[in-house]
Amino acid sequence: MALFGALFLALLAGAQAELPGCKIRITSKALELVKQEGLRFLEQELETITIPDLRGREGHFYYNISEVKVMELQLTSSELHFQPEQELMLQINNGSLGLRFRRQLLYWFLKVYEFLSMFITSGMRFLLNQQICPVLYHAGTVLLNSLLDTVPVRSAVDELVGIDYSLVKDPVASASSLDMEFRGAFFPLAEGNWSLRNRAVEPQLPEEERMVYVAFSEFFFDSAMESYFQAGALKLSLVGAKVPHDLDMLLRATYFGNIVLLSPAVIDSPLKLELRVTAPPRCTIKPSGTTISVTASVTIALVPPDQPEVKLSSMTMDARLSAKMALQGKVLRTQLDLRRFRIYSNQSALESLALIPLQAPLKTMLQIGVMPMLNERTWRGVQIPLPEGIDFVREVVTNHAGFLTIGADLHFAKGLREVIEKNRPANTGDPRAPSAPPPSMTAV
């Protein structure tokens with residue numbers, strides 16, 4: 001019985017586990033670039049530390065060492081690597097410092113150079129240990145965390161829709177890579193608690209040849225289109241002069257009989273063409289390409305001034321768009337193209353036949369008037385969860401069954417110090433600030 005209960009709980013936990021809509025893999029090939037930039041930042045931090053003066057008396061010997069400044073720092077032997085259960089490990093060996101300082105020494109006997117040298121070296125080593133360790137700790141736990149705070153977790157994409165990049169589980173490190181799984185779901189800003197169930201294929205990251213890989217499932221794109229649908233954005237109304245002239249003339253000729261029968265007095269009223277998506281569009285990703293299926297209603301009416309609309313016809317439109325993804329910087333962009341289009345009537349097959357002459361001009365109107373507006377929005381794109389100052393370069397998009405992957409290399413568009421200074425926490429103590437020496441320092 002206990003075994004059955006444990007099995008039931010395991011199955012229940014598996015059923016409730018949330019699938020990721022987006023995955024990111026950072027490979028060991030990226031670590032050398034990250035290490036060099038990170039060490040450069042640490043060197044810059046250590047070169048700005050303020051070391052307090054060292055003064056006191058030891059027997060007949062009086063000393064005063066002041067204006068100590070780090071002139072050069074070399075971290076020649078270092079290694080950054082993935083370590084299971086600890087994510088990342090940085091090891092630094094045989095680091096060296098070059099110092100400049102003023103010294104005042106008074107002593108009452110000769111031949112003490114070796115003693116003074118040992119004394120000064122020991123004192124400076126003590127001072128440096130007192131200063132360097134807090135700086136390294138502060139740089140690793142506070143300053144670098146301020147860099148990670150620039151990663152968008154839950155943010156607005158535009159005035160209608162936001163994106164949620166919450167981690168669905170802890171990152172997993174192996175000897176050669178670090179894998180992160182994100183929810184990767186859009187949501188309407190007006191409905192912050194709204195969520196869409198992820199029923200898509202889980203994206204996979206089998207490769208490790210590039211510095212970084214990003215994978216998106218069909219759910220990622222479906223949630224975007226569902227969010228815009230819920231926000232009421234997937235509709236378009238063209239009235240009067242906004243309707244292309246040739247299409248206006250064709251529609252009036254096609255529905256001339258309806259106009260005469262319904263209301264001949266409004267025959268010269270402005271024409272209205274309204275498109276409204278009736279269900280959330282759906283994305284299909286195959287090795288051959290990515291397509292988006294859309295179903296919408298098309299309503300044609302006359303809108304006489306200060307009078308009710310005169311509805312001439314209502315039809316259904318099915319369209320299939322091809323989508324090409326591109327990753328530029330750290331923004332995922334989409335280019336759409338209208339591939340298939342058909343209109344038909346829900347009333348009768350005879351009316352559907354009568355709509356055939358309208359199919360080509362309506363498709364042209366969509367290609368000329370609607371697709372540019374869609375592409376203007378989709379090409380603005382959405383940011384991928386990377387820290388500020390780091391971009392993707394030399395990206396390659398690959399389609400799979402149910403998901404796509406993008407392999408790329410990393411590039412520091414800004415130095416770590418520039419980004420961290422911009423986002424440096426204002427309320428944290430700066431370990432580089434001068435402080436009074438501890439009482440024991442005078443007895444070094």
# chains A, B, ... in the order shown; residues from 1 in each chain; ligands from 1
>>> residues_around(residues="Leu321 of chain A", least_positions_apart="4", cutoff="9 Å", atoms="only C-alpha atoms", output="list of chain:residue names")
A:Thr290, A:Thr291, A:Ile292, A:Ser293, A:Val294, A:Leu336, A:Asp337, A:Leu338, A:Arg339, A:Arg340, A:Phe341
>>> closest_residue(among="A:Ile406, A:Val419, A:Leu355, A:Val70", to="Glu207 of chain A", atoms="only C-alpha atoms")
A:Ile406
>>> residues_around(residues="Leu238 of chain A", least_positions_apart="2", cutoff="9 Å", atoms="only C-alpha atoms", output="compact mmCIF listing (two decimals) with all heavy atoms, in the first residue's frame")
# COMPACT_ATOMS: atom_id res chain seq x y z
N LEU A 236 -8.50 44.50 -37.05
CA LEU A 236 -8.17 45.65 -37.91
C LEU A 236 -9.44 46.13 -38.57
O LEU A 236 -10.24 45.34 -39.08
CB LEU A 236 -7.14 45.24 -38.97
CG LEU A 236 -6.78 46.31 -40.01
CD1 LEU A 236 -6.03 47.46 -39.33
CD2 LEU A 236 -5.94 45.71 -41.13
N GLY A 240 -13.57 53.91 -45.23
CA GLY A 240 -13.46 55.01 -46.18
C GLY A 240 -12.18 54.98 -46.98
O GLY A 240 -11.85 53.99 -47.64
N ALA A 241 -11.41 56.05 -46.89
CA ALA A 241 -10.19 56.19 -47.70
C ALA A 241 -9.12 55.18 -47.33
O ALA A 241 -8.19 54.96 -48.12
CB ALA A 241 -9.65 57.61 -47.56
N LYS A 242 -9.21 54.54 -46.16
CA LYS A 242 -8.20 53.55 -45.77
C LYS A 242 -8.36 52.23 -46.53
O LYS A 242 -7.44 51.42 -46.56
CB LYS A 242 -8.28 53.29 -44.26
CG LYS A 242 -7.83 54.50 -43.43
CD LYS A 242 -7.78 54.16 -41.96
CE LYS A 242 -7.29 55.35 -41.14
NZ LYS A 242 -7.23 55.03 -39.70
N VAL A 243 -9.55 52.02 -47.13
CA VAL A 243 -9.74 50.83 -47.96
C VAL A 243 -9.11 51.12 -49.33
O VAL A 243 -9.40 52.15 -49.94
CB VAL A 243 -11.24 50.51 -48.13
CG1 VAL A 243 -11.43 49.29 -49.02
CG2 VAL A 243 -11.90 50.31 -46.78
N LEU A 271 -17.20 52.79 -47.22
CA LEU A 271 -17.17 51.34 -47.05
C LEU A 271 -16.29 50.98 -45.86
O LEU A 271 -15.27 51.61 -45.61
CB LEU A 271 -16.63 50.68 -48.32
CG LEU A 271 -16.73 49.16 -48.41
CD1 LEU A 271 -18.17 48.76 -48.66
CD2 LEU A 271 -15.84 48.64 -49.53
N LYS A 272 -16.69 49.95 -45.12
CA LYS A 272 -15.93 49.48 -43.97
C LYS A 272 -15.55 48.01 -44.18
O LYS A 272 -16.40 47.19 -44.51
CB LYS A 272 -16.74 49.62 -42.69
CG LYS A 272 -16.03 49.08 -41.44
CD LYS A 272 -16.91 49.22 -40.21
CE LYS A 272 -16.25 48.63 -38.98
NZ LYS A 272 -17.13 48.76 -37.78
N LEU A 273 -14.26 47.72 -43.96
CA LEU A 273 -13.76 46.35 -44.05
C LEU A 273 -13.11 46.02 -42.71
O LEU A 273 -12.14 46.65 -42.30
CB LEU A 273 -12.74 46.23 -45.18
CG LEU A 273 -12.09 44.85 -45.38
CD1 LEU A 273 -13.12 43.82 -45.78
CD2 LEU A 273 -10.98 44.93 -46.43
N GLU A 274 -13.68 45.05 -42.01
CA GLU A 274 -13.18 44.71 -40.68
C GLU A 274 -12.69 43.27 -40.65
O GLU A 274 -13.40 42.35 -41.06
CB GLU A 274 -14.28 44.89 -39.64
CG GLU A 274 -13.82 44.63 -38.21
CD GLU A 274 -14.91 44.84 -37.19
OE1 GLU A 274 -15.78 43.94 -37.06
OE2 GLU A 274 -14.92 45.89 -36.53
N LEU A 275 -11.47 43.08 -40.14
CA LEU A 275 -10.89 41.76 -39.94
C LEU A 275 -10.73 41.54 -38.44
O LEU A 275 -10.16 42.39 -37.73
CB LEU A 275 -9.54 41.62 -40.62
CG LEU A 275 -9.50 41.56 -42.16
CD1 LEU A 275 -9.56 42.95 -42.75
CD2 LEU A 275 -8.26 40.84 -42.62
>>> residues_around(residues="Pro387 of chain A", least_positions_apart="2", cutoff="9 Å", atoms="only C-alpha atoms", output="MDAnalysis selection string")
chainID A and resid 147:152 385 389:391
>>> residues_around(residues="segment 200-203 of chain A", least_positions_apart="5", cutoff="8 Å", atoms="only C-alpha atoms", output="VMD selection string")
chain A and resid 19 to 23 215 to 219 402 to 404
>>> write_last_selection(atoms="C-alpha atoms", output="CSV table (one decimal), in the first residue's frame")
chain,number,residue,atom,x,y,z
A,19,LEU,CA,7.6,22.2,-19.0
A,20,PRO,CA,10.0,25.0,-20.1
A,21,GLY,CA,9.2,27.1,-23.1
A,22,CYS,CA,12.8,28.3,-23.4
A,23,LYS,CA,16.1,26.7,-22.6
A,215,ALA,CA,15.8,26.7,-27.7
A,216,PHE,CA,12.2,27.7,-28.0
A,217,SER,CA,9.2,25.4,-28.1
A,218,GLU,CA,5.9,26.1,-30.0
A,219,PHE,CA,4.5,27.1,-26.6
A,402,GLY,CA,8.1,21.1,-32.2
A,403,PHE,CA,11.0,23.4,-31.3
A,404,LEU,CA,13.8,25.4,-32.8
>>> atom_distance(atom1="atom CA of Val393 of chain A", atom2="atom CA of Asp409 of chain A")
5.3 Å
>>> select_by_dssp(residues="segment 193-280 of chain A", states="strand (DSSP E or B)", output="JSON, numbers by chain")
{"A": [212, 213, 214, 215, 216, 217, 235, 236, 237, 238, 239, 271, 272, 273, 274, 275, 276, 277]}
>>> decode(residues="segment 178-191 of chain A", atoms="N, CA, C and O atoms", output="compact mmCIF listing (two decimals), in the first residue's frame")
# COMPACT_ATOMS: atom_id res chain seq x y z
N LEU A 178 26.39 24.43 -18.75
CA LEU A 178 25.42 24.84 -17.73
C LEU A 178 24.08 25.03 -18.43
O LEU A 178 23.97 25.85 -19.35
N ASP A 179 23.06 24.27 -18.03
CA ASP A 179 21.74 24.31 -18.65
C ASP A 179 20.76 25.02 -17.73
O ASP A 179 20.69 24.73 -16.53
N MET A 180 19.98 25.94 -18.32
CA MET A 180 18.94 26.67 -17.58
C MET A 180 17.62 26.53 -18.31
O MET A 180 17.57 26.64 -19.53
N GLU A 181 16.56 26.30 -17.55
CA GLU A 181 15.22 26.12 -18.12
C GLU A 181 14.32 27.23 -17.61
O GLU A 181 14.16 27.42 -16.40
N PHE A 182 13.71 27.96 -18.56
CA PHE A 182 12.86 29.10 -18.25
C PHE A 182 11.41 28.82 -18.65
O PHE A 182 11.15 28.05 -19.57
N ARG A 183 10.50 29.47 -17.95
CA ARG A 183 9.09 29.31 -18.29
C ARG A 183 8.84 29.77 -19.73
O ARG A 183 8.13 29.13 -20.47
N GLY A 184 9.39 30.89 -20.12
CA GLY A 184 9.27 31.35 -21.50
C GLY A 184 7.84 31.52 -21.94
O GLY A 184 7.44 30.98 -22.97
N ALA A 185 7.07 32.31 -21.19
CA ALA A 185 5.64 32.47 -21.48
C ALA A 185 5.29 33.96 -21.51
O ALA A 185 5.70 34.72 -20.64
N PHE A 186 4.53 34.35 -22.53
CA PHE A 186 3.99 35.70 -22.61
C PHE A 186 2.69 35.76 -21.82
O PHE A 186 2.06 34.72 -21.55
N PHE A 187 2.27 36.98 -21.46
CA PHE A 187 1.01 37.15 -20.75
C PHE A 187 0.47 38.56 -21.01
O PHE A 187 1.24 39.50 -21.22
N PRO A 188 -0.87 38.74 -21.01
CA PRO A 188 -1.43 40.09 -21.17
C PRO A 188 -1.16 40.91 -19.91
O PRO A 188 -1.38 40.43 -18.80
N LEU A 189 -0.67 42.12 -20.07
CA LEU A 189 -0.35 42.95 -18.92
C LEU A 189 -1.58 43.26 -18.09
O LEU A 189 -1.48 43.43 -16.86
N ALA A 190 -2.75 43.33 -18.73
CA ALA A 190 -3.98 43.61 -17.99
C ALA A 190 -4.43 42.44 -17.14
O ALA A 190 -5.29 42.59 -16.27
N GLU A 191 -3.88 41.25 -17.40
CA GLU A 191 -4.23 40.06 -16.64
C GLU A 191 -2.94 39.40 -16.16
O GLU A 191 -2.49 38.40 -16.72
